[in-house]
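> Sharing a structure, written as C-alpha cells. Questions coming.
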Amino acid sequence: MRITFLFTTSLECPYGLGRGWPLAKELARLGHTVTVLALHPDFGSIERQQFVRDGVRVHYVAQMHVLKRASTKRYFGPLRLLWIAARATWRLTWFALRNPSDVYHLGKAQPMNGVAGFVLRGLGRRVYLDCDDYEAVTNRFGGEWQRRVVAWFEDHLPKIATGVTINTCFLARRLEGLGVPADRIVYVPNGVDRARFASLNSADVERLRQGLSLGDLRVVLYLGSMSLANHPVDLLLEAFQIVHRTVPDALLLLAGGGSDYELLQTHAHELGLDDAVRFVGRVSPEDVPAYYALAEASVDPVHDDLVARSRSPLKLFESLAVGTPVVTGDVGDRRACLGEAGVLVVPGDALALARGIEHVLLQPDEAARMRAAAESARERSYWDVLVHDFAQVYGVPE
C-alpha cells in the first residue's frame, strides 16, 4: 500500500523517535511505500526539508507549535502561535492532498493534522488515527481556548477515522465511550526500535561512564521530558533526597530537556542535592541505550491522574530493552507492561518511590531477577514485531 503519515512532531521528538518513526520504517521494510509529512521544532535551522531514510520519504513542511533548542523549550505567544499553527495546518493539508495514497495515518489527534484528516475523509480517503496520549490533559496550554480546541479534535477525529490505533487500555475505553466501535480500535503498546539498541556494547557504556566522570557512583536514571505539566520530576527529586541518605554513593542522573529544566535545577539545589543529582540536558538518540545500560535502575515518576493512565511510557520499554529494572507508580498499563522487571509503588508518594529505588539498589538478588525478567520479555516489545499488530488496523472494514 501507499501510506502517508502526518506527524505534528519531528522524527527526533518523543512521539516520532519512540513510536511514529519506527512504525513508518517497519512498514516500509514490509514492502509498503511510506511517506512521512512532519513538523519540526526548529524549522528554520534544518538544512534538508526532504530526504529518504531507511526507505521512507520524509518531508518537513513547517514549524512545530513549540521551539526547541538545546535543552530548552520555548512556547510562542498567542498571536505568533496562531500564525504558526495556521501555516502548519495548511501545509500538512496541502502536501497530503498532493501525495496520493491508499491510506493516511494521523500521528496524534491534534488540530494541525486533524484538519487534513477531516478534509481527506470528506474526499472519501481512508484516514486512520494513532492516539498515544490524552492531549487535552497532558499538554501545556497558554489559554483555556487552546485546550478546548485540542479537546474538540481529540473527541471528534476518532469518530470519523476509518480505524484508530491506541497504546493504552484507558484510551480504548475512552474512545468506546465516545461511540467509536470496538472493532475499529487496535491496541498496540509502545515499543523499542531494535536497530537503535542492537549496536550497544560494554565499551560504549564504559566510555559514557568515564565521560560523565561517574567513577564508582551507583546511577539511578531519569531520561525524559523536564516539563512538570506531565512529568513530575519534582516528585523524583523529593524521593531521591530520601534515597541519598540511605545510599550515599547513589547518583540521580537526569537526562532530557524541557520548559522546566532550570526550575528543576533550582529545586534540586533547594533540596540540598547538588552533589547527588546531575543534569546532563538532552542526549542524542544514539546515546540513549548507553545511558540506560549504565544505570542500576531507571525511574518513571507518576501521579495517579489522567496523564499517567493515558500513557504507555517509552522510557519503560527502552529501559527494559537493555535489562535495567524500572521503578514506577502502579497506574494505567504499567503493571501489565512491566511484569516482573521492576518495582511498582504507590503513585504520587515520594517515600514509596524512594523505597522502590532503594529496593533495587540494596537487594542485589532481586535486581538480578528483575534484569533477567526484562531480558526475557524484551523480544515482544520490538517494533519489528509490534508492526504486524499495528498493520491490522488497515484491515478494519469501512
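Every chain in the C-alpha cells has a letter given in the order shown (A, B, ...), and although residue numbers restart at 1 in each chain, ligands are simply numbered from 1 in the order shown.
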Any idea what's packed within 7 Å of stretch 301-308 of chain A, counting only C-alpha atoms, ignoring anything in its chain fewer than 5 positions away? Could you give it as an MDAnalysis selection string?
chainID A and resid 134 137:138 230:233 235:236 328:329 331:332 347:348
> Which residues are close to stretch 336-345 of chain A, i.e. within 8 Å by only C-alpha atoms, leaving aside same-chain residues fewer than 5 positions away? Reply as a list in words.
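Surrounding residues, per the criterion: Leu316, Leu320, Pro325, Val326, Val327, Thr328, Gly329, Asp330, Ala352, Leu353, Gly356, Val360, Arg369, Met370, Arg371, Ala372, Ala373 and Ala374 of chain A.
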> Please report, as a short mmCIF file (atom, residue, chain, number, x, y, z; two decimals) with N, CA, C and O atoms, in the first residue's frame, each residue of stretch 56-296 of chain A to which DSSP assigns alpha helix (DSSP H) when run on this structure's backbone.

data_model
loop_
_atom_site.label_atom_id
_atom_site.label_comp_id
_atom_site.auth_asym_id
_atom_site.auth_seq_id
_atom_site.Cartn_x
_atom_site.Cartn_y
_atom_site.Cartn_z
N PRO A 78 0.35 34.07 21.96
CA PRO A 78 -0.92 33.69 21.30
C PRO A 78 -0.98 34.03 19.82
O PRO A 78 -1.37 33.17 19.01
N LEU A 79 -0.61 35.25 19.43
CA LEU A 79 -0.72 35.64 18.02
C LEU A 79 0.29 34.88 17.17
O LEU A 79 -0.05 34.40 16.08
N ARG A 80 1.51 34.77 17.67
CA ARG A 80 2.53 34.02 16.94
C ARG A 80 2.13 32.55 16.81
O ARG A 80 2.31 31.93 15.75
N LEU A 81 1.58 32.00 17.88
CA LEU A 81 1.14 30.61 17.85
C LEU A 81 0.03 30.39 16.83
O LEU A 81 0.03 29.39 16.09
N LEU A 82 -0.89 31.33 16.75
CA LEU A 82 -1.98 31.21 15.77
C LEU A 82 -1.42 31.16 14.36
O LEU A 82 -1.87 30.37 13.52
N TRP A 83 -0.46 32.02 14.08
CA TRP A 83 0.13 32.07 12.74
C TRP A 83 0.87 30.76 12.44
O TRP A 83 0.71 30.18 11.37
N ILE A 84 1.67 30.31 13.39
CA ILE A 84 2.43 29.08 13.18
C ILE A 84 1.50 27.89 13.00
O ILE A 84 1.70 27.05 12.11
N ALA A 85 0.46 27.80 13.83
CA ALA A 85 -0.48 26.69 13.73
C ALA A 85 -1.24 26.72 12.40
O ALA A 85 -1.46 25.67 11.77
N ALA A 86 -1.63 27.92 11.98
CA ALA A 86 -2.37 28.05 10.72
C ALA A 86 -1.51 27.62 9.54
O ALA A 86 -1.96 26.90 8.64
N ARG A 87 -0.26 28.06 9.55
CA ARG A 87 0.65 27.71 8.45
C ARG A 87 0.95 26.21 8.44
O ARG A 87 0.95 25.58 7.38
N ALA A 88 1.18 25.64 9.62
CA ALA A 88 1.45 24.20 9.69
C ALA A 88 0.23 23.40 9.23
O ALA A 88 0.37 22.39 8.52
N THR A 89 -0.95 23.84 9.63
CA THR A 89 -2.19 23.15 9.24
C THR A 89 -2.36 23.17 7.72
O THR A 89 -2.66 22.14 7.09
N TRP A 90 -2.15 24.34 7.16
CA TRP A 90 -2.30 24.49 5.70
C TRP A 90 -1.30 23.61 4.96
O TRP A 90 -1.65 22.89 4.03
N ARG A 91 -0.05 23.64 5.39
CA ARG A 91 0.99 22.91 4.65
C ARG A 91 0.84 21.39 4.82
O ARG A 91 1.07 20.64 3.86
N LEU A 92 0.46 20.93 6.00
CA LEU A 92 0.21 19.49 6.15
C LEU A 92 -0.94 19.05 5.25
O LEU A 92 -0.86 17.99 4.60
N THR A 93 -2.00 19.86 5.19
CA THR A 93 -3.15 19.52 4.34
C THR A 93 -2.77 19.55 2.87
O THR A 93 -3.10 18.64 2.10
N TRP A 94 -2.07 20.60 2.47
CA TRP A 94 -1.68 20.78 1.07
C TRP A 94 -0.79 19.64 0.59
O TRP A 94 -1.02 19.04 -0.46
N PHE A 95 0.22 19.31 1.36
CA PHE A 95 1.14 18.25 0.94
C PHE A 95 0.47 16.87 0.99
O PHE A 95 0.81 16.00 0.19
N ALA A 96 -0.46 16.67 1.91
CA ALA A 96 -1.19 15.41 1.93
C ALA A 96 -2.04 15.25 0.67
O ALA A 96 -2.08 14.18 0.07
N LEU A 97 -2.69 16.33 0.26
CA LEU A 97 -3.52 16.29 -0.95
C LEU A 97 -2.66 16.07 -2.20
O LEU A 97 -3.12 15.47 -3.18
N PRO A 111 -5.08 19.45 16.18
CA PRO A 111 -5.71 20.29 15.15
C PRO A 111 -4.89 20.40 13.87
O PRO A 111 -5.45 20.40 12.77
N MET A 112 -3.57 20.50 13.98
CA MET A 112 -2.77 20.81 12.79
C MET A 112 -2.78 19.69 11.77
O MET A 112 -2.72 19.93 10.56
N ASN A 113 -2.83 18.43 12.21
CA ASN A 113 -3.01 17.36 11.24
C ASN A 113 -4.47 16.92 11.17
O ASN A 113 -4.90 16.26 10.23
N GLY A 114 -5.26 17.30 12.20
CA GLY A 114 -6.67 16.92 12.24
C GLY A 114 -7.48 17.55 11.12
O GLY A 114 -8.38 16.93 10.56
N VAL A 115 -7.17 18.83 10.79
CA VAL A 115 -7.87 19.48 9.68
C VAL A 115 -7.66 18.69 8.39
O VAL A 115 -8.59 18.46 7.61
N ALA A 116 -6.41 18.27 8.17
CA ALA A 116 -6.11 17.46 6.99
C ALA A 116 -6.93 16.17 7.02
O ALA A 116 -7.43 15.72 5.98
N GLY A 117 -7.08 15.59 8.21
CA GLY A 117 -7.86 14.36 8.33
C GLY A 117 -9.30 14.56 7.94
O GLY A 117 -9.88 13.74 7.21
N PHE A 118 -9.90 15.65 8.40
CA PHE A 118 -11.29 15.93 8.03
C PHE A 118 -11.43 16.18 6.53
O PHE A 118 -12.38 15.70 5.89
N VAL A 119 -10.49 16.92 5.96
CA VAL A 119 -10.54 17.21 4.52
C VAL A 119 -10.41 15.92 3.71
O VAL A 119 -11.19 15.66 2.78
N LEU A 120 -9.43 15.12 4.06
CA LEU A 120 -9.20 13.87 3.33
C LEU A 120 -10.38 12.92 3.47
O LEU A 120 -10.79 12.27 2.50
N ARG A 121 -10.94 12.85 4.67
CA ARG A 121 -12.10 11.97 4.88
C ARG A 121 -13.29 12.46 4.07
O ARG A 121 -14.06 11.66 3.51
N GLY A 122 -13.45 13.80 4.00
CA GLY A 122 -14.53 14.36 3.21
C GLY A 122 -14.41 14.06 1.73
O GLY A 122 -15.41 14.02 1.01
N GLU A 135 -4.20 14.26 24.86
CA GLU A 135 -3.57 15.56 24.64
C GLU A 135 -4.21 16.69 25.44
O GLU A 135 -3.53 17.60 25.91
N ALA A 136 -5.52 16.67 25.61
CA ALA A 136 -6.22 17.78 26.27
C ALA A 136 -5.86 17.90 27.74
O ALA A 136 -6.04 18.97 28.34
N VAL A 137 -5.34 16.83 28.34
CA VAL A 137 -4.97 16.90 29.76
C VAL A 137 -3.47 16.84 29.98
O VAL A 137 -2.99 17.19 31.06
N THR A 138 -2.70 16.40 28.97
CA THR A 138 -1.26 16.26 29.17
C THR A 138 -0.45 17.43 28.63
O THR A 138 0.67 17.66 29.08
N GLU A 144 -7.39 28.63 28.03
CA GLU A 144 -8.43 27.60 28.02
C GLU A 144 -8.94 27.35 26.61
O GLU A 144 -9.32 26.22 26.26
N TRP A 145 -8.94 28.38 25.77
CA TRP A 145 -9.44 28.21 24.40
C TRP A 145 -8.57 27.21 23.63
O TRP A 145 -9.09 26.43 22.82
N GLN A 146 -7.27 27.23 23.89
CA GLN A 146 -6.39 26.28 23.23
C GLN A 146 -6.72 24.85 23.65
O GLN A 146 -6.79 23.94 22.81
N ARG A 147 -6.93 24.66 24.94
CA ARG A 147 -7.28 23.33 25.42
C ARG A 147 -8.58 22.84 24.82
O ARG A 147 -8.73 21.67 24.44
N ARG A 148 -9.57 23.75 24.71
CA ARG A 148 -10.86 23.37 24.16
C ARG A 148 -10.76 22.97 22.68
O ARG A 148 -11.43 22.03 22.23
N VAL A 149 -9.91 23.67 21.93
CA VAL A 149 -9.72 23.33 20.52
C VAL A 149 -9.12 21.93 20.39
O VAL A 149 -9.59 21.09 19.61
N VAL A 150 -8.06 21.67 21.16
CA VAL A 150 -7.42 20.36 21.12
C VAL A 150 -8.41 19.27 21.56
O VAL A 150 -8.49 18.20 20.94
N ALA A 151 -9.17 19.54 22.61
CA ALA A 151 -10.14 18.56 23.10
C ALA A 151 -11.19 18.25 22.04
O ALA A 151 -11.61 17.08 21.90
N TRP A 152 -11.62 19.26 21.29
CA TRP A 152 -12.63 19.03 20.26
C TRP A 152 -12.10 18.07 19.19
O TRP A 152 -12.79 17.11 18.81
N PHE A 153 -10.90 18.32 18.73
CA PHE A 153 -10.31 17.43 17.72
C PHE A 153 -10.09 16.03 18.29
O PHE A 153 -10.32 15.02 17.61
N GLU A 154 -9.67 15.97 19.56
CA GLU A 154 -9.40 14.69 20.17
C GLU A 154 -10.67 13.87 20.37
O GLU A 154 -10.64 12.64 20.33
N ASP A 155 -11.79 14.55 20.52
CA ASP A 155 -13.07 13.85 20.69
C ASP A 155 -13.72 13.48 19.36
O ASP A 155 -14.48 12.50 19.30
N HIS A 156 -13.46 14.27 18.31
CA HIS A 156 -14.19 14.07 17.06
C HIS A 156 -13.41 13.34 15.98
O HIS A 156 -14.01 12.65 15.14
N LEU A 157 -12.09 13.47 15.95
CA LEU A 157 -11.31 12.75 14.94
C LEU A 157 -11.50 11.24 15.01
O LEU A 157 -11.65 10.60 13.96
N PRO A 158 -11.50 10.62 16.20
CA PRO A 158 -11.69 9.16 16.24
C PRO A 158 -13.02 8.71 15.64
O PRO A 158 -13.11 7.60 15.11
N LYS A 159 -14.03 9.57 15.71
CA LYS A 159 -15.35 9.18 15.22
C LYS A 159 -15.41 9.10 13.69
O LYS A 159 -16.20 8.33 13.14
N ILE A 160 -14.58 9.91 13.02
CA ILE A 160 -14.63 9.91 11.55
C ILE A 160 -13.53 9.05 10.94
O ILE A 160 -13.52 8.79 9.73
N CYS A 169 -5.07 0.80 27.55
CA CYS A 169 -6.45 0.37 27.76
C CYS A 169 -7.34 1.56 28.11
O CYS A 169 -8.52 1.59 27.76
N PHE A 170 -6.76 2.54 28.81
CA PHE A 170 -7.52 3.74 29.15
C PHE A 170 -8.04 4.43 27.89
O PHE A 170 -9.21 4.82 27.83
N LEU A 171 -7.17 4.58 26.88
CA LEU A 171 -7.58 5.24 25.64
C LEU A 171 -8.63 4.41 24.90
O LEU A 171 -9.54 4.97 24.29
N ALA A 172 -8.51 3.10 24.96
CA ALA A 172 -9.52 2.25 24.32
C ALA A 172 -10.89 2.49 24.96
O ALA A 172 -11.90 2.65 24.26
N ARG A 173 -10.92 2.52 26.30
CA ARG A 173 -12.20 2.75 26.99
C ARG A 173 -12.73 4.16 26.70
O ARG A 173 -13.94 4.34 26.54
N ARG A 174 -11.83 5.13 26.62
CA ARG A 174 -12.27 6.50 26.35
C ARG A 174 -12.91 6.60 24.97
O ARG A 174 -13.96 7.23 24.79
N LEU A 175 -12.29 5.96 23.98
CA LEU A 175 -12.83 6.03 22.62
C LEU A 175 -14.16 5.29 22.51
O LEU A 175 -15.08 5.76 21.83
N GLU A 176 -14.26 4.16 23.17
CA GLU A 176 -15.54 3.44 23.16
C GLU A 176 -16.63 4.30 23.81
O GLU A 176 -17.79 4.28 23.37
N GLY A 177 -16.25 5.04 24.85
CA GLY A 177 -17.20 5.95 25.49
C GLY A 177 -17.65 7.08 24.59
O GLY A 177 -18.75 7.62 24.75
N ARG A 194 14.52 -1.83 17.37
CA ARG A 194 15.61 -2.79 17.55
C ARG A 194 16.95 -2.22 17.05
O ARG A 194 17.99 -2.41 17.70
N ALA A 195 16.93 -1.52 15.93
CA ALA A 195 18.18 -1.02 15.36
C ALA A 195 18.88 -0.03 16.29
O ALA A 195 20.12 0.02 16.33
N ARG A 196 18.12 0.77 17.04
CA ARG A 196 18.73 1.75 17.94
C ARG A 196 19.47 1.09 19.09
O ARG A 196 20.41 1.65 19.64
N PHE A 197 19.04 -0.11 19.48
CA PHE A 197 19.62 -0.77 20.64
C PHE A 197 20.54 -1.93 20.28
O PHE A 197 21.26 -2.44 21.13
N ALA A 198 20.54 -2.33 18.99
CA ALA A 198 21.30 -3.51 18.59
C ALA A 198 22.81 -3.30 18.70
O ALA A 198 23.56 -4.25 18.95
N SER A 202 29.48 -2.97 25.72
CA SER A 202 30.03 -2.56 27.01
C SER A 202 31.04 -1.43 26.88
O SER A 202 31.18 -0.61 27.80
N ALA A 203 31.75 -1.38 25.76
CA ALA A 203 32.73 -0.31 25.56
C ALA A 203 32.05 1.05 25.48
O ALA A 203 32.55 2.05 26.02
N ASP A 204 30.89 1.11 24.81
CA ASP A 204 30.13 2.36 24.73
C ASP A 204 29.69 2.82 26.12
O ASP A 204 29.77 4.00 26.45
N VAL A 205 29.25 1.88 26.93
CA VAL A 205 28.77 2.20 28.27
C VAL A 205 29.93 2.71 29.13
O VAL A 205 29.80 3.69 29.86
N GLU A 206 31.09 2.05 29.02
CA GLU A 206 32.24 2.47 29.82
C GLU A 206 32.74 3.84 29.39
O GLU A 206 33.12 4.67 30.23
N ARG A 207 32.72 4.11 28.08
CA ARG A 207 33.13 5.44 27.60
C ARG A 207 32.21 6.52 28.14
O ARG A 207 32.65 7.61 28.52
N LEU A 208 30.92 6.22 28.17
CA LEU A 208 29.96 7.19 28.69
C LEU A 208 30.20 7.40 30.18
O LEU A 208 30.18 8.54 30.66
N ARG A 209 30.41 6.34 30.91
CA ARG A 209 30.67 6.45 32.35
C ARG A 209 31.90 7.32 32.61
O ARG A 209 31.90 8.18 33.49
N GLN A 210 32.96 7.09 31.84
CA GLN A 210 34.17 7.88 32.01
C GLN A 210 33.94 9.33 31.58
O GLN A 210 34.43 10.26 32.23
N GLY A 211 33.21 9.51 30.48
CA GLY A 211 32.95 10.86 30.00
C GLY A 211 32.16 11.69 30.98
O GLY A 211 32.32 12.92 31.05
N VAL A 233 8.92 15.30 37.70
CA VAL A 233 10.31 15.07 38.08
C VAL A 233 10.59 15.64 39.48
O VAL A 233 11.49 15.17 40.17
N ASP A 234 9.80 16.63 39.91
CA ASP A 234 9.95 17.16 41.26
C ASP A 234 9.68 16.07 42.30
O ASP A 234 10.32 16.02 43.36
N LEU A 235 8.73 15.19 42.03
CA LEU A 235 8.44 14.06 42.91
C LEU A 235 9.67 13.15 43.03
O LEU A 235 10.01 12.68 44.12
N LEU A 236 10.35 12.93 41.92
CA LEU A 236 11.55 12.10 41.94
C LEU A 236 12.67 12.77 42.75
O LEU A 236 13.39 12.09 43.50
N LEU A 237 12.84 14.08 42.60
CA LEU A 237 13.85 14.78 43.37
C LEU A 237 13.58 14.64 44.88
O LEU A 237 14.51 14.40 45.67
N GLU A 238 12.32 14.78 45.26
CA GLU A 238 11.97 14.64 46.68
C GLU A 238 12.21 13.21 47.17
O GLU A 238 12.67 13.00 48.31
N ALA A 239 11.94 12.23 46.31
CA ALA A 239 12.21 10.84 46.67
C ALA A 239 13.71 10.59 46.81
O ALA A 239 14.16 9.88 47.72
N PHE A 240 14.48 11.19 45.93
CA PHE A 240 15.92 10.93 45.95
C PHE A 240 16.60 11.60 47.13
O PHE A 240 17.68 11.16 47.56
N GLN A 241 15.99 12.61 47.68
CA GLN A 241 16.52 13.20 48.90
C GLN A 241 16.54 12.14 50.01
O GLN A 241 17.45 12.08 50.83
N ILE A 242 15.53 11.28 50.02
CA ILE A 242 15.45 10.17 50.98
C ILE A 242 16.46 9.08 50.62
O ILE A 242 17.18 8.56 51.48
N VAL A 243 16.52 8.73 49.32
CA VAL A 243 17.42 7.68 48.87
C VAL A 243 18.87 8.02 49.21
O VAL A 243 19.65 7.15 49.65
N HIS A 244 19.24 9.27 49.02
CA HIS A 244 20.64 9.67 49.20
C HIS A 244 21.11 9.48 50.65
O HIS A 244 22.29 9.24 50.90
N ARG A 245 20.18 9.58 51.60
CA ARG A 245 20.56 9.35 53.00
C ARG A 245 20.86 7.88 53.24
O ARG A 245 21.74 7.53 54.04
N THR A 246 20.13 7.00 52.55
CA THR A 246 20.30 5.56 52.74
C THR A 246 21.43 5.00 51.89
O THR A 246 22.17 4.11 52.32
N TYR A 261 13.30 22.91 32.91
CA TYR A 261 14.66 22.44 33.14
C TYR A 261 15.36 23.26 34.23
O TYR A 261 15.89 22.71 35.21
N GLU A 262 15.36 24.58 34.09
CA GLU A 262 16.04 25.44 35.05
C GLU A 262 15.31 25.44 36.40
O GLU A 262 15.96 25.49 37.46
N LEU A 263 13.99 25.36 36.38
CA LEU A 263 13.21 25.30 37.62
C LEU A 263 13.57 24.05 38.41
O LEU A 263 13.72 24.10 39.65
N LEU A 264 13.75 22.93 37.74
CA LEU A 264 14.10 21.70 38.42
C LEU A 264 15.53 21.74 38.96
O LEU A 264 15.82 21.19 40.03
N GLN A 265 16.42 22.40 38.24
CA GLN A 265 17.77 22.58 38.77
C GLN A 265 17.74 23.37 40.08
O GLN A 265 18.43 23.02 41.05
N THR A 266 16.92 24.40 40.10
CA THR A 266 16.78 25.20 41.32
C THR A 266 16.19 24.38 42.45
O THR A 266 16.63 24.46 43.61
N HIS A 267 15.20 23.56 42.12
CA HIS A 267 14.55 22.73 43.13
C HIS A 267 15.54 21.72 43.72
O HIS A 267 15.56 21.49 44.94
N ALA A 268 16.38 21.13 42.87
CA ALA A 268 17.38 20.19 43.37
C ALA A 268 18.35 20.89 44.32
O ALA A 268 18.73 20.32 45.35
N HIS A 269 18.73 22.11 44.00
CA HIS A 269 19.62 22.89 44.87
C HIS A 269 18.95 23.17 46.21
O HIS A 269 19.57 23.04 47.28
N GLU A 270 17.67 23.54 46.17
CA GLU A 270 16.94 23.84 47.41
C GLU A 270 16.81 22.61 48.30
O GLU A 270 16.74 22.74 49.54
N VAL A 288 21.12 7.10 23.91
CA VAL A 288 20.09 6.70 24.89
C VAL A 288 20.31 5.29 25.42
O VAL A 288 20.25 5.06 26.64
N PRO A 289 20.57 4.27 24.57
CA PRO A 289 20.76 2.92 25.11
C PRO A 289 21.89 2.84 26.14
O PRO A 289 21.76 2.15 27.15
N ALA A 290 22.99 3.55 25.89
CA ALA A 290 24.12 3.51 26.82
C ALA A 290 23.76 4.14 28.15
O ALA A 290 24.22 3.68 29.21
N TYR A 291 22.95 5.20 28.13
CA TYR A 291 22.52 5.82 29.39
C TYR A 291 21.72 4.82 30.22
O TYR A 291 21.93 4.70 31.44
N TYR A 292 20.80 4.12 29.60
CA TYR A 292 20.02 3.13 30.34
C TYR A 292 20.91 2.00 30.85
O TYR A 292 20.74 1.51 31.98
N ALA A 293 21.89 1.59 30.05
CA ALA A 293 22.73 0.46 30.41
C ALA A 293 23.67 0.77 31.58
O ALA A 293 24.04 -0.15 32.33
N LEU A 294 24.06 2.03 31.76
CA LEU A 294 24.97 2.33 32.86
C LEU A 294 24.23 2.50 34.19
O LEU A 294 24.85 2.60 35.25
#
> Report, in Å to a single decimal, how far apart atom CA of A:Gly224 and atom CA of A:Asp130 are.
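Spanning atom CA of A:Asp130 to atom CA of A:Gly224 is a straight-line distance of 21.2 Å.
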> Between atom CA of A:Ala24 and atom CA of A:Arg334, what is the distance in Å, rounded to a tenth?
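Atom CA of A:Ala24 sits 25.2 Å away from atom CA of A:Arg334.
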> To one decimal place, how far is atom CA of A:Ser45 from atom CA of A:Gly256 in Å?
20.4 Å
> Go through stretch 174-393 of chain A and collect every residue that DSSP, computed from the backbone, puts in strand (DSSP E); the answer should be as an MDAnalysis selection string.
chainID A and resid 185:187 218:223 250:255 277:281 297:300 326:329 342:345
> Output N, CA, C and O atoms of each residue in that selection to a file, as a compact mmCIF listing (two decimals), in the first residue's frame.

# COMPACT_ATOMS: atom_id res chain seq x y z
N ILE A 185 -10.91 -0.23 16.75
CA ILE A 185 -9.81 0.16 17.63
C ILE A 185 -8.81 -0.99 17.72
O ILE A 185 -9.17 -2.12 18.02
N VAL A 186 -7.54 -0.69 17.46
CA VAL A 186 -6.47 -1.69 17.52
C VAL A 186 -5.46 -1.26 18.58
O VAL A 186 -4.90 -0.17 18.49
N TYR A 187 -5.26 -2.13 19.57
CA TYR A 187 -4.35 -1.82 20.68
C TYR A 187 -2.93 -2.24 20.32
O TYR A 187 -2.67 -3.41 20.01
N ARG A 218 26.74 4.83 41.94
CA ARG A 218 25.66 3.94 41.53
C ARG A 218 24.56 4.81 40.91
O ARG A 218 23.94 5.63 41.60
N VAL A 219 24.31 4.62 39.64
CA VAL A 219 23.46 5.53 38.88
C VAL A 219 22.00 5.11 38.90
O VAL A 219 21.66 3.96 38.61
N VAL A 220 21.15 6.08 39.21
CA VAL A 220 19.71 5.97 39.04
C VAL A 220 19.34 6.97 37.95
O VAL A 220 19.73 8.14 38.04
N LEU A 221 18.62 6.54 36.94
CA LEU A 221 18.41 7.36 35.75
C LEU A 221 16.96 7.78 35.58
O LEU A 221 16.04 6.97 35.72
N TYR A 222 16.78 9.05 35.26
CA TYR A 222 15.52 9.51 34.67
C TYR A 222 15.88 10.08 33.31
O TYR A 222 16.71 11.00 33.20
N LEU A 223 15.27 9.56 32.26
CA LEU A 223 15.52 10.05 30.91
C LEU A 223 14.17 10.40 30.29
O LEU A 223 13.36 9.52 30.02
N ALA A 250 24.83 6.78 45.72
CA ALA A 250 23.91 6.78 44.57
C ALA A 250 23.85 8.18 43.96
O ALA A 250 23.90 9.19 44.67
N LEU A 251 23.76 8.23 42.65
CA LEU A 251 23.67 9.50 41.91
C LEU A 251 22.44 9.45 41.02
O LEU A 251 22.24 8.48 40.27
N LEU A 252 21.63 10.48 41.08
CA LEU A 252 20.48 10.60 40.19
C LEU A 252 20.90 11.36 38.95
O LEU A 252 21.30 12.53 39.02
N LEU A 253 20.86 10.69 37.81
CA LEU A 253 21.23 11.28 36.53
C LEU A 253 19.96 11.67 35.80
O LEU A 253 19.11 10.82 35.51
N LEU A 254 19.81 12.96 35.52
CA LEU A 254 18.61 13.47 34.85
C LEU A 254 18.98 13.88 33.43
O LEU A 254 19.71 14.86 33.22
N ALA A 255 18.47 13.13 32.46
CA ALA A 255 18.78 13.37 31.05
C ALA A 255 17.52 13.80 30.32
O ALA A 255 16.50 13.11 30.38
N VAL A 277 22.70 14.86 42.48
CA VAL A 277 21.91 14.92 41.25
C VAL A 277 22.74 15.60 40.17
O VAL A 277 23.41 16.60 40.42
N ARG A 278 22.67 15.05 38.98
CA ARG A 278 23.39 15.67 37.86
C ARG A 278 22.45 15.80 36.66
O ARG A 278 21.85 14.82 36.21
N PHE A 279 22.34 17.02 36.14
CA PHE A 279 21.56 17.31 34.95
C PHE A 279 22.50 17.28 33.75
O PHE A 279 23.52 17.98 33.74
N VAL A 280 22.17 16.50 32.72
CA VAL A 280 23.04 16.42 31.54
C VAL A 280 22.37 16.98 30.29
O VAL A 280 22.98 17.00 29.21
N GLY A 281 21.12 17.46 30.41
CA GLY A 281 20.44 18.03 29.25
C GLY A 281 19.99 16.97 28.27
O GLY A 281 20.01 15.76 28.55
N ALA A 297 19.07 1.36 37.98
CA ALA A 297 17.61 1.44 37.94
C ALA A 297 17.23 2.69 37.18
O ALA A 297 17.96 3.70 37.21
N SER A 298 16.12 2.64 36.48
CA SER A 298 15.56 3.85 35.87
C SER A 298 14.21 4.11 36.54
O SER A 298 13.59 3.20 37.09
N VAL A 299 13.77 5.36 36.49
CA VAL A 299 12.57 5.75 37.23
C VAL A 299 11.60 6.48 36.31
O VAL A 299 12.00 7.35 35.52
N ASP A 300 10.34 6.12 36.44
CA ASP A 300 9.24 6.80 35.75
C ASP A 300 8.31 7.35 36.84
O ASP A 300 7.39 6.66 37.28
N VAL A 326 12.97 -1.05 36.27
CA VAL A 326 12.24 0.21 36.30
C VAL A 326 11.48 0.33 37.61
O VAL A 326 10.87 -0.64 38.07
N VAL A 327 11.51 1.54 38.19
CA VAL A 327 10.70 1.84 39.36
C VAL A 327 9.66 2.87 38.94
O VAL A 327 10.01 3.94 38.42
N THR A 328 8.38 2.55 39.12
CA THR A 328 7.33 3.47 38.68
C THR A 328 6.07 3.25 39.52
O THR A 328 5.98 2.32 40.32
N GLY A 329 5.08 4.12 39.33
CA GLY A 329 3.83 4.02 40.05
C GLY A 329 2.89 3.00 39.42
O GLY A 329 2.89 2.80 38.20
N GLY A 342 10.67 -4.97 37.39
CA GLY A 342 10.85 -3.72 38.11
C GLY A 342 10.04 -3.70 39.38
O GLY A 342 9.58 -4.74 39.87
N VAL A 343 9.84 -2.49 39.90
CA VAL A 343 9.13 -2.30 41.15
C VAL A 343 7.98 -1.32 40.94
O VAL A 343 8.19 -0.21 40.39
N LEU A 344 6.78 -1.70 41.35
CA LEU A 344 5.62 -0.83 41.30
C LEU A 344 5.35 -0.28 42.69
O LEU A 344 5.37 -1.03 43.67
N VAL A 345 5.11 1.02 42.77
CA VAL A 345 4.89 1.67 44.07
C VAL A 345 3.60 2.48 44.01
O VAL A 345 3.00 2.65 42.94
> Would you please work out which residue, of A:Ala391, A:Val396, A:Leu271, A:Val322, is nearest to A:Met1 when using only C-alpha atoms?
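Going through A:Ala391, A:Val396, A:Leu271, A:Val322 one by one, the smallest distance to A:Met1 is for A:Ala391.
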> So which residues touch A:Gly257 within 6 Å, counting only C-alpha atoms, skipping near sequence neighbours fewer than 2 positions away, as a ChimeraX atom specification?
/A:71-72,225-226,261,281-282
